[in-house]
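What's in run-v4.cif: mmCIF, C-alpha atoms, pLDDT in the B column; chains and numbers go by the auth columns
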```cif
data_coords
#
loop_
_atom_site.group_PDB
_atom_site.id
_atom_site.type_symbol
_atom_site.label_atom_id
_atom_site.label_comp_id
_atom_site.label_asym_id
_atom_site.label_seq_id
_atom_site.Cartn_x
_atom_site.Cartn_y
_atom_site.Cartn_z
_atom_site.B_iso_or_equiv
_atom_site.auth_seq_id
_atom_site.auth_asym_id
ATOM 1 C CA MET A 1 -225.729 147.348 59.753 58.00 27 A
ATOM 2 C CA THR A 2 -227.160 143.997 60.763 65.00 28 A
ATOM 3 C CA LYS A 3 -229.821 143.986 63.409 67.00 29 A
ATOM 4 C CA LYS A 4 -228.967 141.587 66.249 68.00 30 A
ATOM 5 C CA TYR A 5 -231.788 139.813 68.084 66.00 31 A
ATOM 6 C CA ASN A 6 -231.422 138.648 71.637 70.00 32 A
ATOM 7 C CA ARG A 7 -233.333 135.389 71.299 68.00 33 A
ATOM 8 C CA LYS A 8 -233.429 132.472 73.672 80.00 34 A
ATOM 9 C CA ASN A 9 -233.870 130.023 70.775 79.00 35 A
ATOM 10 C CA ASN A 10 -231.187 131.053 68.333 81.00 36 A
ATOM 11 C CA CYS A 11 -230.405 127.762 66.572 84.00 37 A
ATOM 12 C CA THR A 12 -232.179 126.431 63.508 86.00 38 A
ATOM 13 C CA VAL A 13 -233.103 122.807 62.893 86.00 39 A
ATOM 14 C CA HIS A 14 -234.138 121.838 59.393 88.00 40 A
ATOM 15 C CA PHE A 15 -235.183 118.425 58.102 88.00 41 A
ATOM 16 C CA MET A 16 -237.035 117.093 55.108 94.00 42 A
ATOM 17 C CA VAL A 17 -239.891 114.582 55.074 93.00 43 A
ATOM 18 C CA ASN A 18 -241.830 112.930 52.274 95.00 44 A
ATOM 19 C CA ASP A 19 -245.543 113.526 51.597 95.00 45 A
ATOM 20 C CA ASP A 20 -246.710 110.552 53.679 94.00 46 A
ATOM 21 C CA GLU A 21 -244.588 111.575 56.650 93.00 47 A
ATOM 22 C CA MET A 22 -245.854 115.154 56.389 94.00 48 A
ATOM 23 C CA GLU A 23 -249.429 113.905 56.322 94.00 49 A
ATOM 24 C CA GLU A 24 -248.749 111.820 59.446 91.00 50 A
ATOM 25 C CA LEU A 25 -247.127 114.781 61.232 91.00 51 A
ATOM 26 C CA ASN A 26 -250.082 117.012 60.362 92.00 52 A
ATOM 27 C CA LYS A 27 -252.523 114.353 61.557 92.00 53 A
ATOM 28 C CA ARG A 28 -250.699 113.967 64.864 88.00 54 A
ATOM 29 C CA PHE A 29 -250.453 117.726 65.305 90.00 55 A
ATOM 30 C CA SER A 30 -254.200 118.106 64.709 91.00 56 A
ATOM 31 C CA HIS A 31 -254.887 115.778 67.655 89.00 57 A
ATOM 32 C CA THR A 32 -252.957 117.972 70.088 88.00 58 A
ATOM 33 C CA ASN A 33 -253.546 121.220 71.920 90.00 59 A
ATOM 34 C CA TYR A 34 -250.310 122.772 70.675 89.00 60 A
ATOM 35 C CA LYS A 35 -250.668 126.268 69.294 91.00 61 A
ATOM 36 C CA SER A 36 -247.756 125.928 66.870 92.00 62 A
ATOM 37 C CA LYS A 37 -246.088 123.133 64.974 92.00 63 A
ATOM 38 C CA ARG A 38 -242.763 124.420 66.236 90.00 64 A
ATOM 39 C CA GLU A 39 -243.744 123.626 69.830 90.00 65 A
ATOM 40 C CA PHE A 40 -245.193 120.276 68.778 90.00 66 A
ATOM 41 C CA TYR A 41 -242.047 119.237 66.886 90.00 67 A
ATOM 42 C CA ARG A 42 -239.718 120.416 69.627 89.00 68 A
ATOM 43 C CA ASP A 43 -241.623 118.615 72.384 89.00 69 A
ATOM 44 C CA SER A 44 -242.049 115.494 70.265 86.00 70 A
ATOM 45 C CA ILE A 45 -238.315 115.289 69.772 86.00 71 A
ATOM 46 C CA LEU A 46 -237.002 116.470 73.120 87.00 72 A
ATOM 47 C CA LYS A 47 -239.565 115.134 75.595 86.00 73 A
ATOM 48 C CA ASN A 48 -239.836 111.584 74.293 76.00 74 A
ATOM 49 C CA LYS A 49 -237.285 108.983 75.243 69.00 75 A
ATOM 50 C CA ILE A 50 -235.992 107.221 72.166 63.00 76 A
ATOM 51 C CA ILE A 51 -235.205 103.552 72.608 62.00 77 A
ATOM 52 C CA SER A 52 -233.446 101.570 69.933 62.00 78 A
ATOM 53 C CA ILE A 53 -233.559 97.807 70.327 64.00 79 A
ATOM 54 C CA ASP A 54 -231.843 95.362 68.017 66.00 80 A
ATOM 55 C CA VAL A 55 -234.545 92.891 67.017 68.00 81 A
ATOM 56 C CA SER A 56 -232.303 90.103 65.854 73.00 82 A
ATOM 57 C CA GLY A 57 -231.030 86.863 67.296 77.00 83 A
ATOM 58 C CA GLU A 58 -232.458 85.766 70.643 77.00 84 A
ATOM 59 C CA PHE A 59 -234.579 88.883 70.999 75.00 85 A
ATOM 60 C CA ARG A 60 -236.289 88.224 67.646 79.00 86 A
ATOM 61 C CA LYS A 61 -236.918 84.618 68.642 83.00 87 A
ATOM 62 C CA GLU A 62 -238.612 85.736 71.857 80.00 88 A
ATOM 63 C CA LEU A 63 -240.736 88.293 69.997 80.00 89 A
ATOM 64 C CA ARG A 64 -241.929 85.556 67.651 84.00 90 A
ATOM 65 C CA GLU A 65 -242.676 83.301 70.607 84.00 91 A
ATOM 66 C CA ILE A 66 -244.757 86.023 72.285 82.00 92 A
ATOM 67 C CA THR A 67 -246.618 86.696 69.043 85.00 93 A
ATOM 68 C CA SER A 68 -247.296 83.003 68.563 86.00 94 A
ATOM 69 C CA CYS A 69 -248.489 82.570 72.165 82.00 95 A
ATOM 70 C CA VAL A 70 -250.869 85.547 71.964 85.00 96 A
ATOM 71 C CA SER A 71 -252.148 84.376 68.580 87.00 97 A
ATOM 72 C CA ARG A 72 -252.838 80.822 69.830 85.00 98 A
ATOM 73 C CA ASN A 73 -254.600 82.123 72.932 83.00 99 A
ATOM 74 C CA SER A 74 -256.714 84.497 70.860 86.00 100 A
ATOM 75 C CA ALA A 75 -257.699 81.723 68.443 87.00 101 A
ATOM 76 C CA ASN A 76 -258.638 79.404 71.318 83.00 102 A
ATOM 77 C CA LEU A 77 -260.682 82.115 73.000 84.00 103 A
ATOM 78 C CA ASN A 78 -262.473 82.897 69.722 88.00 104 A
ATOM 79 C CA GLN A 79 -263.342 79.214 69.228 86.00 105 A
ATOM 80 C CA ILE A 80 -264.711 78.952 72.765 85.00 106 A
ATOM 81 C CA ALA A 81 -266.696 82.174 72.318 86.00 107 A
ATOM 82 C CA LYS A 82 -268.161 80.867 69.055 89.00 108 A
ATOM 83 C CA VAL A 83 -269.323 77.643 70.711 86.00 109 A
ATOM 84 C CA ALA A 84 -270.641 79.523 73.749 86.00 110 A
ATOM 85 C CA ASN A 85 -272.574 81.952 71.542 89.00 111 A
ATOM 86 C CA SER A 86 -274.113 79.183 69.443 91.00 112 A
ATOM 87 C CA THR A 87 -274.950 76.763 72.283 90.00 113 A
ATOM 88 C CA GLY A 88 -275.235 79.060 75.278 88.00 114 A
ATOM 89 C CA ILE A 89 -272.929 76.677 77.177 87.00 115 A
ATOM 90 C CA ILE A 90 -269.448 77.327 78.521 85.00 116 A
ATOM 91 C CA TYR A 91 -267.526 74.317 79.760 85.00 117 A
ATOM 92 C CA LYS A 92 -265.494 74.524 82.945 88.00 118 A
ATOM 93 C CA GLU A 93 -262.595 72.748 81.188 89.00 119 A
ATOM 94 C CA ASP A 94 -262.523 75.488 78.530 84.00 120 A
ATOM 95 C CA ILE A 95 -262.387 78.176 81.201 85.00 121 A
ATOM 96 C CA GLU A 96 -259.545 76.358 82.961 88.00 122 A
ATOM 97 C CA ASN A 97 -257.668 76.020 79.651 85.00 123 A
ATOM 98 C CA ILE A 98 -258.043 79.753 79.024 84.00 124 A
ATOM 99 C CA LYS A 99 -256.845 80.561 82.549 87.00 125 A
ATOM 100 C CA GLU A 100 -253.762 78.367 82.126 88.00 126 A
ATOM 101 C CA ALA A 101 -252.958 79.759 78.677 85.00 127 A
ATOM 102 C CA LEU A 102 -253.265 83.325 79.956 86.00 128 A
ATOM 103 C CA ARG A 103 -251.145 82.506 83.019 87.00 129 A
ATOM 104 C CA VAL A 104 -248.369 81.155 80.772 86.00 130 A
ATOM 105 C CA GLU A 105 -248.690 84.182 78.479 84.00 131 A
ATOM 106 C CA LEU A 106 -248.498 86.622 81.398 86.00 132 A
ATOM 107 C CA LEU A 107 -245.442 84.879 82.850 87.00 133 A
ATOM 108 C CA PHE A 108 -243.728 84.982 79.475 83.00 134 A
ATOM 109 C CA LEU A 109 -244.601 88.649 79.005 84.00 135 A
ATOM 110 C CA ALA A 110 -243.347 89.500 82.511 85.00 136 A
ATOM 111 C CA GLU A 111 -240.020 87.755 81.823 84.00 137 A
ATOM 112 C CA PHE A 112 -239.775 89.469 78.454 80.00 138 A
ATOM 113 C CA ARG A 113 -240.515 92.868 79.985 81.00 139 A
ATOM 114 C CA GLU A 114 -237.792 92.307 82.579 82.00 140 A
ATOM 115 C CA LYS A 115 -235.279 91.416 79.857 77.00 141 A
ATOM 116 C CA VAL A 116 -236.182 94.484 77.818 75.00 142 A
ATOM 117 C CA THR A 117 -235.951 96.715 80.899 76.00 143 A
ATOM 118 C CA ASP A 118 -232.558 95.245 81.796 73.00 144 A
ATOM 119 C CA HIS A 119 -231.411 95.757 78.200 67.00 145 A
ATOM 120 C CA ILE A 120 -232.501 99.406 78.242 65.00 146 A
ATOM 121 C CA ILE A 121 -230.897 100.046 81.633 65.00 147 A
ATOM 122 C CA ASN A 122 -227.661 98.430 80.475 64.00 148 A
ATOM 123 C CA GLN A 123 -227.650 100.585 77.332 60.00 149 A
ATOM 124 C CA VAL A 124 -228.160 103.754 79.367 55.00 150 A
ATOM 125 C CA ILE A 125 -225.402 102.809 81.836 54.00 151 A
ATOM 126 C CA ASP A 126 -222.927 101.886 79.088 49.00 152 A
#
```
Can you give me the file's structure in the form of structure tokens?
Amino acid sequence: MTKKYNRKNNCTVHFMVNDDEMEELNKRFSHTNYKSKREFYRDSILKNKIISIDVSGEFRKELREITSCVSRNSANLNQIAKVANSTGIIYKEDIENIKEALRVELLFLAEFREKVTDHIINQVID
């Protein structure tokens, strides 16, 4: 006679990972307050929203543009910091250039964020 358990969680989920993935899962688990890996895995899967975005075409072009803009601004800021550290002088024109570059970057990022949000909302609605 088979013993029947009245369990709330009566379904089994099984998946395989490679050694690197297992190491990453163990590392992430070790940084949590979860008492069991079962709880950690379940919450990681069920409580996180999964967003899949196609990074091709126009979207890829905009990602590259953002990356390029941030990279240029970082390089400019590093050059100004190097001069300021070696001479002890910061020029007002340099500060204005940084402000303008950051303003353009922030506007671009805000527009990009809006597009991504609209994309996600449209995917959820569809």
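If you look at CA of Asn99 (chain A) and CA of Asn123 (chain A), they are 9.6 Å away from each other.
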To test the calculation: enclose all listed atoms of region 115-125 of chain A in a box whose edges run along x, y and z, add 5 Å on each side, then state centre and edge lengths in Å to one decimal, as AutoDock Vina command-line options.
```
--center_x -264.9 --center_y 76.7 --center_z 80.1 --size_x 26.1 --size_y 17.8 --size_z 15.8
```
Exercise for the section: Find the residues around Val39 (chain A) up to 12 Å (all atoms listed in the file counted), leave out those fewer than 5 positions away in its own chain, and share them as number ranges by chain. Expected result: A: 64, 67-68, 71
Handout entry: Test item: residues at most 12 Å from Val130 (chain A), only C-alpha atoms, excluding those fewer than 3 positions along its chain, as number ranges by chain
Key = A: 91-92, 95-96, 98-99, 123-127, 133-137
Practice task
Figure out the distance between CA of Ala101 (chain A) and CA of Lys87 (chain A), please, to one decimal in Å.
Solution key: 21.0 Å
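Taking all atoms listed in the file into account, Arg54 (chain A) lies nearest to A:Ser70 out of the set A:Asn102, A:Glu140, A:Ser70, A:Lys34.
Considering the residues A:Lys73, A:Val142, A:Val109, A:Phe66 and counting all atoms listed in the file, Arg86 (chain A) has its shortest atom-to-atom contact with A:Val142.
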Completion exercise
Using only C-alpha atoms, the residue out of A:Val43, A:Ile116, A:Leu103, A:Leu51 with shortest distance to Leu128 (chain A) is A:Leu103
Problem - Distance in Å - CA of Ile106 (chain A) versus CA of Lys118 (chain A) - result: 11.1 Å
